[in-house]
Amino acid sequence: MANRTLTIANEMVEFSLLEVVHRVIRGRYILLAIALVGLAVGVTASYLWKPWYTSQAVFLPPRYGDVSTPAAAILGTQDASDVYFGLLYSRTVQDDVVDHLDLKRVYHTPSQTIARALLQSYSNFGVGRNSLLYITIKASEPKLAADIANAYMDALYRLNGQMVSSASDRRRIFFEEQLNQQKQQLEQAELALKQAEEKTGVLLPANEAEAGLNATASLQAQIDAAETRLSGLLVSETDQNPEVVEARTQLASLRSELARQLAGSVTGRAGIASAVSMPGVTLEIEKKQRDVHISEDSYSGLLQQYARARLATIDPGPQLEVVDYAVPAEFKAGPNRKTLVEEGFGIGLLVGLLYLIFFEPLRRLVIYLRPPAISR
């Protein structure tokens, strides 16, 4: 019984192409009425939909040939366009735009998260030829769209300055600590020399000790400066950085040269007086003088590094090369009234066709499946 009922139901909903055409022709006035309703909805929407405007800003990310600058450390080996494209989507940049333009009031929301989400939905970023970056903003007012696009570039500039300042501050603090330590070592070396001279009563003339001090002290000072420079680079760079590799090579060469000088000092080569031939007291004074010379040279080198690090803290960061500032649009970008009217009419026509094709079969099926009324 159940199979027979299902078969009959299937037969009632089946229809041929010719029957569909006849059904559409018979219901042409219904089809036209529904299409006109869709047309009316499209016309109404085209006039009630609030217009919007777009504005675009274009800029070129900075390029740095000197990888030792703090600003270039931000970019590393990556493509600058990719870096700045990612920064535009960062929460820091978008919050900066929201705060500076008070977009929570513009978007009528007390939530920073919602305002940021709305801003991102109205923002479009792209990378064009020659690494040009495009910022396209959609807003309800021409001036607002232009202000937001320009605010993005201002936010990028401020973020660059913060990142560069942070990196420079770390380098400055590092060299400041090294400078203080070297200053203490210099004071200790001077005090040790003074105590040795007072204890022995021996004061070596400068010309007598100069031959045994200059070469060794100069090399040791260069080694200390190279070690300090290498440590400073490792604060913000990796081991594969070309400057780090060069600094390591230079340091190894200086250490090798110092080892040869010291060997020559013991054997009496290289024009340095033999340490073995010196009296014990004179040798002790000479060592103390050498320690003082080395500490002075190292302190002087660190002082120069610290001065450069302090100057780097006032680096404003990468400068964006602005190609086009955003300007208020003269004409609205949407909505397109013609498109809305055409879409409204098309949707109405489609709904009318679906109604004519499927309404009659479904109505017959519902009537057939409806349980019969029980007579009393």
# chains A, B, ... in the order shown; residues from 1 in each chain; ligands from 1
>>> residues_around(residues="Ser55 (chain A)", least_positions_apart="6", cutoff="10 Å", atoms="only C-alpha atoms", output="list of chain:residue names")
A:Ile135, A:Thr136, A:Ile137, A:Lys138, A:Ala139, A:Glu141, A:Pro142, A:Lys143, A:Leu144, A:Ala145, A:Ala146, A:Asp147, A:Ile148, A:Ala149, A:Asn150, A:Tyr325, A:Ala326, A:Val327, A:Pro328, A:Ala329, A:Glu330, A:Ala333
>>> write_last_selection(atoms="C-alpha atoms", output="tab-separated table (two decimals), in the first residue's frame")
chain	number	residue	atom	x	y	z
A	135	ILE	CA	45.46	51.90	0.56
A	136	THR	CA	41.83	52.09	-0.59
A	137	ILE	CA	39.16	53.19	1.90
A	138	LYS	CA	35.37	53.12	1.59
A	139	ALA	CA	33.38	55.57	3.74
A	141	GLU	CA	31.71	60.77	3.32
A	142	PRO	CA	34.46	61.76	0.84
A	143	LYS	CA	36.59	63.57	3.43
A	144	LEU	CA	36.35	60.69	5.92
A	145	ALA	CA	37.61	58.20	3.33
A	146	ALA	CA	40.59	60.43	2.49
A	147	ASP	CA	41.38	61.09	6.18
A	148	ILE	CA	41.41	57.36	6.99
A	149	ALA	CA	43.70	56.53	4.05
A	150	ASN	CA	46.18	59.24	5.06
A	325	TYR	CA	48.08	61.39	-0.81
A	326	ALA	CA	44.41	60.50	-0.55
A	327	VAL	CA	42.04	63.30	-1.57
A	328	PRO	CA	38.24	63.51	-1.13
A	329	ALA	CA	36.37	61.89	-4.00
A	330	GLU	CA	34.29	64.12	-6.26
A	333	ALA	CA	31.44	55.05	-5.75
>>> closest_residue(among="A:Ala217, A:Leu133, A:Ala151, A:Ala189", to="Asp102 (chain A)", atoms="only C-alpha atoms")
A:Ala151
>>> residues_around(residues="Val341 (chain A)", least_positions_apart="5", cutoff="8 Å", atoms="only C-alpha atoms", output="JSON, numbers by chain")
{"A": [39, 40, 41, 42, 43, 46]}
>>> residues_around(residues="region 296-312 of chain A", least_positions_apart="3", cutoff="8 Å", atoms="only C-alpha atoms", output="list in words")
Pro70, Ser165, Ser168, Asp169, Arg171, Arg172, Phe175, Glu176, Gln178, Leu179, Gln182, Lys183, Leu186, Ser218, Ala221, Gln222, Asp224, Ala225, Thr228, Arg229, Val292, His293 and Asp315 of chain A
>>> closest_residue(among="A:Ser111, A:Gln56, A:Ser253, A:Gln120", to="Met153 (chain A)", atoms="only C-alpha atoms")
A:Gln56
>>> residues_around(residues="region 91-96 of chain A", least_positions_apart="3", cutoff="12 Å", atoms="only C-alpha atoms", output="JSON, numbers by chain")
{"A": [84, 85, 86, 87, 88, 99, 100, 101, 102, 103, 104, 111, 112, 113, 114, 115, 116, 117, 118, 119, 120, 121, 122, 123, 148, 149, 151, 152, 153, 154, 155, 156, 157, 158, 159, 160, 162, 163]}
>>> residues_around(residues="Glu321 (chain A)", least_positions_apart="6", cutoff="9 Å", atoms="only C-alpha atoms", output="PDB file with C-alpha atoms, in the first residue's frame")
ATOM      1  CA  VAL A  58      49.782  55.240  -2.679  1.00  0.00           C
ATOM      2  CA  PHE A  59      53.259  55.013  -1.167  1.00  0.00           C
ATOM      3  CA  LEU A  60      56.579  53.265  -1.735  1.00  0.00           C
ATOM      4  CA  PRO A  61      58.216  51.447   1.200  1.00  0.00           C
ATOM      5  CA  PRO A  62      61.729  52.614   2.131  1.00  0.00           C
TER       6      PRO A  62
END
>>> residues_around(residues="Lys50 (chain A)", least_positions_apart="3", cutoff="8 Å", atoms="only C-alpha atoms", output="list in words")
Tyr47, Ser140 and Pro335 of chain A
>>> write_last_selection(atoms="N, CA and C atoms", output="PDB file, in the first residue's frame")
ATOM      1  N   TYR A  47      17.404  54.072  -4.180  1.00  0.00           N
ATOM      2  CA  TYR A  47      17.234  55.427  -3.652  1.00  0.00           C
ATOM      3  C   TYR A  47      17.399  55.490  -2.134  1.00  0.00           C
ATOM      4  N   SER A 140      31.307  56.719   4.200  1.00  0.00           N
ATOM      5  CA  SER A 140      30.046  57.373   3.847  1.00  0.00           C
ATOM      6  C   SER A 140      30.251  58.817   3.415  1.00  0.00           C
ATOM      7  N   PRO A 335      25.813  53.337  -4.233  1.00  0.00           N
ATOM      8  CA  PRO A 335      25.499  52.132  -5.011  1.00  0.00           C
ATOM      9  C   PRO A 335      25.207  52.459  -6.473  1.00  0.00           C
TER      10      PRO A 335
END
>>> select_by_dssp(residues="region 105-210 of chain A", states="alpha helix (DSSP H)", output="PyMOL selection string")
chain A and resi 105-106+112-121+142-200+206-210
